[in-house]
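upload_24.cif (mmCIF, C-alpha atoms and all ligand atoms) appears below.
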data_start
#
loop_
_atom_site.group_PDB
_atom_site.id
_atom_site.type_symbol
_atom_site.label_atom_id
_atom_site.label_comp_id
_atom_site.auth_asym_id
_atom_site.auth_seq_id
_atom_site.Cartn_x
_atom_site.Cartn_y
_atom_site.Cartn_z
ATOM 1 C CA MET A 794 -6.056 16.041 3.506
ATOM 2 C CA ARG A 795 -5.982 14.946 7.051
ATOM 3 C CA GLU A 796 -8.301 17.795 7.958
ATOM 4 C CA ARG A 797 -10.937 16.659 5.561
ATOM 5 C CA LYS A 798 -14.334 16.412 7.155
ATOM 6 C CA THR A 799 -15.900 13.019 6.938
ATOM 7 C CA SER A 800 -19.260 12.256 8.413
ATOM 8 C CA SER A 801 -18.536 8.599 8.928
ATOM 9 C CA PRO A 802 -15.300 6.704 8.729
ATOM 10 C CA LEU A 803 -17.308 3.889 7.201
ATOM 11 C CA CYS A 804 -16.952 5.134 3.721
ATOM 12 C CA PHE A 805 -13.216 5.515 3.832
ATOM 13 C CA LEU A 806 -12.409 1.972 2.935
ATOM 14 C CA PHE A 807 -13.947 2.479 -0.418
ATOM 15 C CA GLY A 808 -12.671 5.911 -1.286
ATOM 16 C CA ALA A 809 -9.349 7.063 -2.541
ATOM 17 C CA PHE A 810 -9.267 9.805 0.047
ATOM 18 C CA LEU A 811 -8.464 7.659 3.014
ATOM 19 C CA LEU A 812 -5.693 9.196 4.915
ATOM 20 C CA LEU A 813 -3.410 7.305 6.620
ATOM 21 C CA ALA A 814 -0.833 7.198 9.051
ATOM 22 C CA ILE A 815 1.884 4.766 9.037
ATOM 23 C CA SER A 816 5.310 6.209 8.982
ATOM 24 C CA THR A 817 8.413 4.129 9.131
ATOM 25 C CA SER A 818 10.739 7.028 9.727
ATOM 26 C CA ALA A 819 10.885 10.768 9.929
ATOM 27 C CA VAL A 820 13.669 10.781 7.396
ATOM 28 C CA ALA A 821 13.001 11.300 3.736
ATOM 29 C CA GLN A 822 12.920 7.928 2.089
ATOM 30 C CA ARG A 823 12.844 6.783 -1.454
ATOM 31 C CA HIS A 824 10.399 3.983 -0.989
ATOM 32 C CA ALA A 825 6.733 4.122 -0.029
ATOM 33 C CA ASP A 826 6.202 5.455 3.484
ATOM 34 C CA THR A 827 2.531 4.821 4.065
ATOM 35 C CA VAL A 828 -0.396 2.704 3.000
ATOM 36 C CA VAL A 829 -3.123 5.236 2.441
ATOM 37 C CA MET A 830 -5.807 2.809 1.375
ATOM 38 C CA PHE A 831 -6.085 -0.922 0.760
ATOM 39 C CA ARG A 832 -9.190 -2.485 -0.684
ATOM 40 C CA PRO A 833 -8.591 -6.211 -1.126
ATOM 41 C CA GLY A 834 -10.057 -7.930 -4.141
ATOM 42 C CA SER A 835 -11.252 -11.527 -4.363
ATOM 43 C CA GLY A 836 -9.580 -14.888 -4.759
ATOM 44 C CA PRO A 837 -7.110 -17.055 -2.860
ATOM 45 C CA GLY A 838 -4.256 -15.880 -0.715
ATOM 46 C CA ILE A 839 -5.702 -12.600 0.445
ATOM 47 C CA GLY A 840 -5.088 -11.872 4.054
ATOM 48 C CA ARG A 841 -2.467 -14.512 4.740
ATOM 49 C CA GLU A 842 -0.005 -11.649 4.815
ATOM 50 C CA ALA A 843 -2.006 -9.788 7.414
ATOM 51 C CA ALA A 844 0.557 -10.189 10.150
ATOM 52 C CA TYR A 845 3.141 -8.460 7.971
ATOM 53 C CA PHE A 846 0.948 -5.695 6.562
ATOM 54 C CA PRO A 847 1.752 -2.914 5.817
ATOM 55 C CA ASN A 848 5.504 -3.375 6.177
ATOM 56 C CA ASN A 849 5.533 -5.989 3.424
ATOM 57 C CA VAL A 850 4.806 -3.287 0.843
ATOM 58 C CA LEU A 851 6.856 -0.488 2.405
ATOM 59 C CA GLY A 852 10.629 -0.537 2.191
ATOM 60 C CA LEU A 853 12.734 -2.015 -0.564
ATOM 61 C CA PRO A 854 12.063 -5.030 -2.796
ATOM 62 C CA ASP A 855 12.867 -8.515 -1.523
ATOM 63 C CA SER A 856 16.623 -9.026 -1.934
ATOM 64 C CA ASN A 857 16.003 -12.764 -2.401
ATOM 65 C CA ALA A 858 13.882 -12.261 -5.522
ATOM 66 C CA ARG A 859 15.380 -13.595 -8.761
ATOM 67 C CA PRO A 860 14.086 -13.373 -12.327
ATOM 68 C CA THR A 861 13.219 -17.080 -12.395
ATOM 69 C CA VAL A 862 12.563 -17.533 -8.657
ATOM 70 C CA PRO A 863 10.075 -14.957 -7.447
ATOM 71 C CA SER A 864 9.630 -13.883 -3.878
ATOM 72 C CA VAL A 865 6.614 -15.527 -2.312
ATOM 73 C CA ASP A 866 7.580 -14.533 1.219
ATOM 74 C CA PRO A 867 4.540 -12.977 2.939
ATOM 75 C CA VAL A 868 6.955 -10.828 4.941
ATOM 76 C CA GLN A 869 7.704 -9.150 1.595
ATOM 77 C CA ILE A 870 4.651 -9.585 -0.607
ATOM 78 C CA LEU A 871 1.004 -8.533 -0.401
ATOM 79 C CA SER A 872 -1.536 -10.133 -2.734
ATOM 80 C CA LEU A 873 -4.063 -7.515 -3.786
ATOM 81 C CA GLY A 874 -6.706 -10.033 -4.811
ATOM 82 C CA LEU A 875 -8.541 -9.948 -8.135
ATOM 83 C CA GLY A 876 -9.596 -6.370 -8.730
ATOM 84 C CA GLY A 877 -8.072 -5.199 -5.452
ATOM 85 C CA GLU A 878 -6.347 -1.865 -5.112
ATOM 86 C CA ILE A 879 -3.866 -0.133 -2.870
ATOM 87 C CA VAL A 880 -2.718 3.475 -2.558
ATOM 88 C CA LEU A 881 0.798 4.158 -1.292
ATOM 89 C CA GLY A 882 1.972 7.513 0.037
ATOM 90 C CA PHE A 883 5.433 9.047 -0.171
ATOM 91 C CA ASN A 884 6.691 11.598 2.326
ATOM 92 C CA ALA A 885 9.110 13.003 -0.241
ATOM 93 C CA PRO A 886 7.331 13.973 -3.455
ATOM 94 C CA ILE A 887 8.325 11.951 -6.509
ATOM 95 C CA VAL A 888 9.296 14.363 -9.263
ATOM 96 C CA ASP A 889 9.768 14.131 -13.005
ATOM 97 C CA GLY A 890 13.473 13.736 -13.706
ATOM 98 C CA PRO A 891 15.260 12.346 -16.750
ATOM 99 C CA GLY A 892 13.821 8.964 -17.708
ATOM 100 C CA PRO A 893 11.750 6.833 -15.337
ATOM 101 C CA ASP A 894 10.743 8.286 -11.972
ATOM 102 C CA PHE A 895 9.615 5.249 -10.008
ATOM 103 C CA THR A 896 9.731 1.468 -10.148
ATOM 104 C CA VAL A 897 7.012 -0.957 -9.072
ATOM 105 C CA PHE A 898 8.251 -4.364 -7.925
ATOM 106 C CA GLU A 899 5.913 -7.356 -8.158
ATOM 107 C CA ASN A 900 6.820 -11.034 -8.207
ATOM 108 C CA ALA A 901 6.586 -11.714 -11.942
ATOM 109 C CA PHE A 902 9.010 -14.390 -13.145
ATOM 110 C CA PHE A 903 10.283 -16.098 -16.288
ATOM 111 C CA TYR A 904 9.364 -19.731 -16.897
ATOM 112 C CA ASN A 905 9.325 -22.238 -19.697
ATOM 113 C CA LEU A 906 6.222 -23.587 -21.337
ATOM 114 C CA GLY A 907 6.584 -25.944 -24.293
ATOM 115 C CA GLY A 908 10.210 -24.886 -24.717
ATOM 116 C CA LYS A 909 9.348 -21.208 -24.894
ATOM 117 C CA GLN A 910 10.270 -18.640 -22.300
ATOM 118 C CA ARG A 911 7.229 -16.851 -20.950
ATOM 119 C CA THR A 912 6.575 -14.361 -18.230
ATOM 120 C CA PHE A 913 4.237 -15.187 -15.389
ATOM 121 C CA ALA A 914 2.583 -11.804 -15.144
ATOM 122 C CA GLU A 915 -0.175 -10.613 -12.854
ATOM 123 C CA PRO A 916 -0.660 -7.043 -14.048
ATOM 124 C CA ALA A 917 -1.908 -3.910 -12.328
ATOM 125 C CA ALA A 918 -2.891 -0.510 -13.646
ATOM 126 C CA VAL A 919 -0.812 2.307 -12.201
ATOM 127 C CA ALA A 920 -2.127 5.765 -11.361
ATOM 128 C CA VAL A 921 -0.546 8.747 -9.621
ATOM 129 C CA SER A 922 -1.805 11.744 -7.681
ATOM 130 C CA ARG A 923 -0.532 14.903 -6.055
ATOM 131 C CA ASP A 924 -3.291 15.109 -3.454
ATOM 132 C CA GLY A 925 -4.472 11.522 -2.965
ATOM 133 C CA VAL A 926 -7.886 12.438 -4.312
ATOM 134 C CA SER A 927 -7.513 12.977 -8.033
ATOM 135 C CA PHE A 928 -5.588 10.220 -9.836
ATOM 136 C CA THR A 929 -4.169 10.036 -13.343
ATOM 137 C CA GLN A 930 -3.736 6.536 -14.733
ATOM 138 C CA PHE A 931 -0.846 5.510 -16.945
ATOM 139 C CA PRO A 932 -2.002 4.171 -20.330
ATOM 140 C CA PHE A 933 -1.520 0.438 -20.887
ATOM 141 C CA ASP A 934 -2.113 -2.168 -23.565
ATOM 142 C CA SER A 935 -4.377 -4.972 -22.400
ATOM 143 C CA VAL A 936 -2.794 -7.508 -24.794
ATOM 144 C CA THR A 937 0.932 -6.786 -24.521
ATOM 145 C CA LEU A 938 0.476 -5.504 -20.931
ATOM 146 C CA LEU A 939 2.953 -2.740 -21.741
ATOM 147 C CA GLY A 940 2.275 0.127 -19.370
ATOM 148 C CA CYS A 941 1.166 -2.186 -16.559
ATOM 149 C CA ALA A 942 3.053 -3.002 -13.380
ATOM 150 C CA GLY A 943 3.692 -6.652 -12.597
ATOM 151 C CA ILE A 944 5.201 -7.761 -15.898
ATOM 152 C CA THR A 945 8.971 -7.562 -15.316
ATOM 153 C CA PRO A 946 10.731 -9.827 -12.790
ATOM 154 C CA THR A 947 12.807 -8.432 -9.948
ATOM 155 C CA ASP A 948 16.517 -9.020 -9.480
ATOM 156 C CA GLY A 949 16.934 -8.617 -5.738
ATOM 157 C CA ARG A 950 20.745 -8.701 -6.026
ATOM 158 C CA ALA A 951 20.756 -5.437 -7.967
ATOM 159 C CA ASN A 952 20.533 -1.882 -6.696
ATOM 160 C CA PRO A 953 16.772 -1.202 -6.645
ATOM 161 C CA PHE A 954 17.493 2.424 -7.560
ATOM 162 C CA ASP A 955 19.217 1.451 -10.799
ATOM 163 C CA PRO A 956 16.353 0.726 -13.210
ATOM 164 C CA THR A 957 18.713 -0.698 -15.824
ATOM 165 C CA ILE A 958 19.446 -3.746 -13.651
ATOM 166 C CA SER A 959 16.857 -3.846 -10.878
ATOM 167 C CA GLY A 960 13.975 -5.313 -12.857
ATOM 168 C CA GLY A 961 10.480 -4.277 -11.916
ATOM 169 C CA ASP A 962 8.383 -1.924 -14.033
ATOM 170 C CA GLN A 963 9.371 1.705 -14.484
ATOM 171 C CA PHE A 964 7.089 4.687 -14.910
ATOM 172 C CA ASP A 965 7.914 8.170 -16.144
ATOM 173 C CA LEU A 966 5.767 11.042 -14.864
ATOM 174 C CA SER A 967 6.211 12.847 -18.153
ATOM 175 C CA THR A 968 4.037 10.127 -19.703
ATOM 176 C CA VAL A 969 1.041 11.544 -17.855
ATOM 177 C CA GLY A 970 2.228 15.144 -17.856
ATOM 178 C CA LEU A 971 2.775 15.499 -14.114
ATOM 179 C CA ASP A 972 5.882 16.957 -12.503
ATOM 180 C CA SER A 973 5.328 15.889 -8.894
ATOM 181 C CA VAL A 974 3.198 13.264 -7.128
ATOM 182 C CA ARG A 975 2.917 11.859 -3.629
ATOM 183 C CA TYR A 976 0.510 8.967 -4.131
ATOM 184 C CA ILE A 977 0.642 5.871 -6.298
ATOM 185 C CA ARG A 978 -2.370 3.642 -6.829
ATOM 186 C CA LEU A 979 -2.127 0.051 -8.047
ATOM 187 C CA ARG A 980 -5.278 -1.705 -9.221
ATOM 188 C CA ASP A 981 -5.172 -5.405 -10.033
ATOM 189 C CA LEU A 982 -5.917 -6.269 -13.685
ATOM 190 C CA THR A 983 -5.173 -9.999 -13.599
ATOM 191 C CA GLY A 984 -8.768 -10.692 -14.599
ATOM 192 C CA ILE A 985 -8.185 -9.405 -18.124
ATOM 193 C CA VAL A 986 -5.646 -12.207 -18.601
ATOM 194 C CA LEU A 987 -7.236 -14.945 -16.511
ATOM 195 C CA ASN A 988 -10.648 -14.552 -18.121
ATOM 196 C CA ASN A 989 -9.306 -14.914 -21.662
ATOM 197 C CA SER A 990 -7.599 -18.232 -22.431
ATOM 198 C CA ALA A 991 -6.453 -16.796 -25.769
ATOM 199 C CA HIS A 992 -4.510 -14.032 -24.019
ATOM 200 C CA PRO A 993 -0.735 -14.322 -24.651
ATOM 201 C CA PHE A 994 -0.065 -14.206 -20.903
ATOM 202 C CA TRP A 995 -2.865 -16.613 -19.975
ATOM 203 C CA ASP A 996 -1.990 -19.205 -17.344
ATOM 204 C CA PRO A 997 -4.620 -20.983 -15.267
ATOM 205 C CA THR A 998 -2.548 -20.578 -12.107
ATOM 206 C CA LEU A 999 -2.608 -16.782 -12.153
ATOM 207 C CA THR A 1000 -4.142 -15.324 -9.002
ATOM 208 C CA SER A 1001 -3.590 -11.575 -8.589
ATOM 209 C CA PHE A 1002 -1.019 -8.807 -8.413
ATOM 210 C CA ASP A 1003 1.494 -9.412 -5.603
ATOM 211 C CA LEU A 1004 3.013 -6.135 -4.489
ATOM 212 C CA ASP A 1005 6.575 -6.192 -3.172
ATOM 213 C CA ALA A 1006 7.648 -2.531 -3.163
ATOM 214 C CA VAL A 1007 7.618 0.803 -4.954
ATOM 215 C CA VAL A 1008 10.763 2.921 -5.021
ATOM 216 C CA ALA A 1009 11.155 6.505 -6.150
ATOM 217 C CA LEU A 1010 13.993 7.262 -8.555
ATOM 218 C CA HIS A 1011 13.613 11.043 -8.434
ATOM 219 C CA THR A 1012 12.448 12.889 -5.326
ATOM 220 C CA ALA A 1013 12.192 16.553 -4.412
ATOM 221 C CA SER A 1014 15.222 17.853 -2.546
ATOM 222 C CA PRO A 1015 15.497 14.989 -0.127
ATOM 223 C CA GLY A 1016 16.934 15.983 3.156
ATOM 224 C CA ASN A 1017 16.666 19.743 3.149
ATOM 225 C CA GLY A 1018 13.972 22.281 3.702
ATOM 226 C CA ASN A 1019 11.335 20.013 2.361
ATOM 227 C CA ALA A 1020 8.115 19.082 4.005
ATOM 228 C CA ASP A 1021 9.233 15.504 3.898
ATOM 229 C CA THR A 1022 12.043 16.060 6.371
ATOM 230 C CA GLY A 1023 9.633 16.890 9.153
ATOM 231 C CA ALA A 1024 8.312 14.019 11.194
ATOM 232 C CA ILE A 1025 5.074 12.692 9.870
ATOM 233 C CA SER A 1026 2.945 12.422 12.911
ATOM 234 C CA GLN A 1027 1.246 9.151 13.577
ATOM 235 C CA PRO A 1028 -1.857 10.294 15.431
ATOM 236 C CA ILE A 1029 -2.929 6.736 16.196
ATOM 237 C CA SER A 1030 -1.022 3.465 16.277
ATOM 238 C CA LEU A 1031 -0.955 0.052 17.832
ATOM 239 C CA GLN A 1032 2.036 -0.675 20.040
ATOM 240 C CA ILE A 1033 2.943 -4.200 21.069
ATOM 241 C CA GLY A 1034 5.144 -4.577 24.134
ATOM 242 C CA ARG A 1035 7.740 -7.254 24.692
ATOM 243 C CA ASP A 1036 5.275 -9.053 26.910
ATOM 244 C CA GLY A 1037 2.885 -9.253 23.970
ATOM 245 C CA GLN A 1038 0.466 -6.769 25.532
ATOM 246 C CA ALA A 1039 -1.005 -4.327 23.040
ATOM 247 C CA VAL A 1040 -1.989 -0.724 23.596
ATOM 248 C CA VAL A 1041 -3.579 1.798 21.291
ATOM 249 C CA MET A 1042 -1.581 5.021 21.427
ATOM 250 C CA PHE A 1043 -3.212 8.164 20.095
ATOM 251 C CA GLN A 1044 -2.738 11.891 20.182
ATOM 252 C CA VAL A 1045 -5.581 14.332 20.810
ATOM 253 C CA SER A 1046 -5.010 17.836 19.452
ATOM 254 C CA GLN A 1047 -7.435 19.639 21.772
ATOM 255 C CA GLN A 1048 -9.954 18.710 24.413
ATOM 256 C CA SER A 1049 -12.769 17.030 22.560
ATOM 257 C CA GLN A 1050 -15.093 14.095 22.361
ATOM 258 C CA VAL A 1051 -12.770 11.344 21.209
ATOM 259 C CA ARG A 1052 -13.725 8.093 19.603
ATOM 260 C CA VAL A 1053 -11.373 5.271 18.675
ATOM 261 C CA ARG A 1054 -13.002 2.502 16.727
ATOM 262 C CA LEU A 1055 -11.917 -0.772 15.155
ATOM 263 C CA TRP A 1056 -13.163 -1.697 11.666
ATOM 264 C CA ASN A 1057 -12.799 -4.725 9.467
ATOM 265 C CA ARG A 1058 -11.735 -4.442 5.876
ATOM 266 C CA LEU A 1059 -15.334 -4.292 4.714
ATOM 267 C CA GLY A 1060 -15.800 -1.091 6.667
ATOM 268 C CA GLN A 1061 -17.891 -2.723 9.374
ATOM 269 C CA GLN A 1062 -17.348 -1.509 12.924
ATOM 270 C CA SER A 1063 -16.024 -4.302 15.064
ATOM 271 C CA GLU A 1064 -15.357 -2.609 18.363
ATOM 272 C CA GLN A 1065 -15.513 0.772 20.051
ATOM 273 C CA VAL A 1066 -12.215 1.175 21.864
ATOM 274 C CA VAL A 1067 -12.647 4.700 23.258
ATOM 275 C CA ASP A 1068 -15.629 7.069 23.509
ATOM 276 C CA ALA A 1069 -14.840 9.811 26.002
ATOM 277 C CA THR A 1070 -14.077 13.473 26.458
ATOM 278 C CA LEU A 1071 -10.310 13.665 26.686
ATOM 279 C CA PRO A 1072 -7.786 16.489 27.101
ATOM 280 C CA ALA A 1073 -5.132 17.306 24.529
ATOM 281 C CA GLY A 1074 -2.121 15.026 24.654
ATOM 282 C CA ILE A 1075 -0.996 11.484 24.091
ATOM 283 C CA HIS A 1076 -3.162 8.723 25.504
ATOM 284 C CA THR A 1077 -2.889 4.970 25.666
ATOM 285 C CA VAL A 1078 -5.505 2.325 26.291
ATOM 286 C CA PRO A 1079 -5.004 -1.417 26.609
ATOM 287 C CA PHE A 1080 -6.158 -3.242 23.516
ATOM 288 C CA HIS A 1081 -7.459 -6.798 23.630
ATOM 289 C CA PRO A 1082 -9.193 -7.153 20.293
ATOM 290 C CA ALA A 1083 -11.285 -10.183 19.566
ATOM 291 C CA ALA A 1084 -10.219 -9.544 15.983
ATOM 292 C CA GLY A 1085 -9.451 -12.642 13.973
ATOM 293 C CA SER A 1086 -6.899 -13.037 11.223
ATOM 294 C CA GLY A 1087 -7.083 -10.357 8.621
ATOM 295 C CA ILE A 1088 -6.505 -6.700 7.998
ATOM 296 C CA TRP A 1089 -8.057 -4.220 10.406
ATOM 297 C CA PHE A 1090 -8.243 -0.485 10.744
ATOM 298 C CA LEU A 1091 -8.263 1.730 13.820
ATOM 299 C CA THR A 1092 -9.788 5.173 13.377
ATOM 300 C CA LEU A 1093 -9.374 8.237 15.562
ATOM 301 C CA GLU A 1094 -12.145 10.839 15.610
ATOM 302 C CA GLU A 1095 -12.213 14.157 17.454
ATOM 303 C CA SER A 1096 -15.631 15.800 17.820
ATOM 304 C CA GLY A 1097 -17.000 13.599 15.065
ATOM 305 C CA LYS A 1098 -14.227 14.371 12.622
ATOM 306 C CA LEU A 1099 -11.998 11.615 11.264
ATOM 307 C CA VAL A 1100 -8.432 12.485 12.187
ATOM 308 C CA ALA A 1101 -6.463 9.417 11.217
ATOM 309 C CA THR A 1102 -6.657 5.788 10.225
ATOM 310 C CA TYR A 1103 -4.216 3.053 11.152
ATOM 311 C CA PRO A 1104 -4.237 -0.221 9.232
ATOM 312 C CA PHE A 1105 -2.715 -3.339 10.772
ATOM 313 C CA GLY A 1106 -2.719 -7.068 10.275
ATOM 314 C CA VAL A 1107 -3.596 -9.896 12.640
ATOM 315 C CA MET A 1108 -2.520 -13.468 12.159
ATOM 316 C CA ARG A 1109 -3.790 -16.112 14.568
HETATM 317 CA CA CA N 1 10.766 11.311 -15.859
HETATM 318 CA CA CA N 2 8.248 -5.974 0.002
#
Show me this structure written as C-alpha cells.
Amino acid sequence: MRERKTSSPLCFLFGAFLLLAISTSAVAQRHADTVVMFRPGSGPGIGREAAYFPNNVLGLPDSNARPTVPSVDPVQILSLGLGGEIVLGFNAPIVDGPGPDFTVFENAFFYNLGGKQRTFAEPAAVAVSRDGVSFTQFPFDSVTLLGCAGITPTDGRANPFDPTISGGDQFDLSTVGLDSVRYIRLRDLTGIVLNNSAHPFWDPTLTSFDLDAVVALHTASPGNGNADTGAISQPISLQIGRDGQAVVMFQVSQQSQVRVRLWNRLGQQSEQVVDATLPAGIHTVPFHPAAGSGIWFLTLEESGKLVATYPFGVMR
C-alpha cells in the first residue's frame, strides 16, 4: 500500500487509502498500532485531544473507566465528531478465532433517567479490511444499536482481553465472512440517535463517538515468523527533544527530489518544510511550525510519490 502512486497528497485525508506511519513498537501487539486515517466530523469537543493524538486511541483502554463513570480523559479518548471516521491499523493481522475477534472500547456508560437504567450510547458503524482499501461493514440495527460500537460501557479494572468481563463491544469476523484483517474503520453514527427524539437512546447531550481503544482477541502467530514481528518503519516522524525543540526526521530510500509538507486536517497545505534533492539516508530538519491547536499531518514525497504520512496533534 505504501508504494501506491498518488498524484497529490491532498486527497488522502478523504480517502480510505491513506497510509500511515505511526508505530509504537516493533513487537507484535494486540491493540491498534497505527492511525491510518482520521477524518474528524462536526460538533463540540473535536480537536481538544490534539496534543494526545494518536496515542489516545492506540494502546489499551483507560484503566480508570467504570461502567457508570466513563473515561473523559483526553489522554485516553478521541472524539470523532458527528459523522467523523477513523481507520486503525494492526501490525499483527486479526484473525477469525472462536467467538469474538476484537473489542472496541468507547466511553458509553449506564445512568438513571426517571428511575430507569439507560445507556448513554454514541454509536459507530464498524468495518474491517485486509488491505486498507476495500472495507466490509458489520451489519447493525439503527434502533437497538446492536452491531454498533459504542454501546457497552468499559470496565477498566478487568482484563481487556477477556471479553466476558472487559465491557466494550465485540465483533466476530465470521459475521462478515472474513478470516483475517489488518484495518478497522469506525464511522460515527450518533446522528441517527440525536436527530430522532423518539429514538430509545435519545439524549440531548449526546455529542459523538469517543474512541478509547481497539484490542485484538485473536491474532496471527504473534511473535514468530510473521510480518508483524519485523519493525514497521516510520519513514517520517516528528521528534521533540527535552529542550522542547522539534525536528522532522525522515528517511529517503534513494537519491531523489524530496518534499516534506505540512497539511491541516482539511487537506490544505500549511507549510513546505523540505523541497530539495537529497541522498538516501536519514535526515533531520528543525521544525518550527506556526501550526495552531489541532491535528496536523506531515507528508513525505520522493520524486512526486507519496511515501508516508505522519499525523500529530498540537495543543497551544
Ligand atoms: Ca471469530
Ligand atoms: Ca485510549
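Considering all atoms listed in the file, the residue among A:Val1053, A:Val974, A:Ala1039, A:Leu1099 positioned nearest to ligand CA 1 (chain N) is A:Val974.
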Next item on the list: Can you pull out every residue within 10 Å of Val919 (chain A), counting only C-alpha atoms, but drop anything in the same chain fewer than 3 positions away, and send it as a VMD selection string?
Entry: chain A and resid 878 880 897 916 928 to 933 940 to 942 964 977 to 981
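Our summary of the geometry notes that CA of Gly984 (chain A) is positioned 9.0 Å from CA of Leu999 (chain A).
For the pair CA of Pro833 (chain A) and CA of Ser927 (chain A), the separation is 20.4 Å.
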Note to self: Please return as a PyMOL selection string the residues found within 10 Å of ligand CA 1 (chain N), counting all atoms listed in the file.
What the structure shows: chain A and resi 887-895+963-973+1010-1011
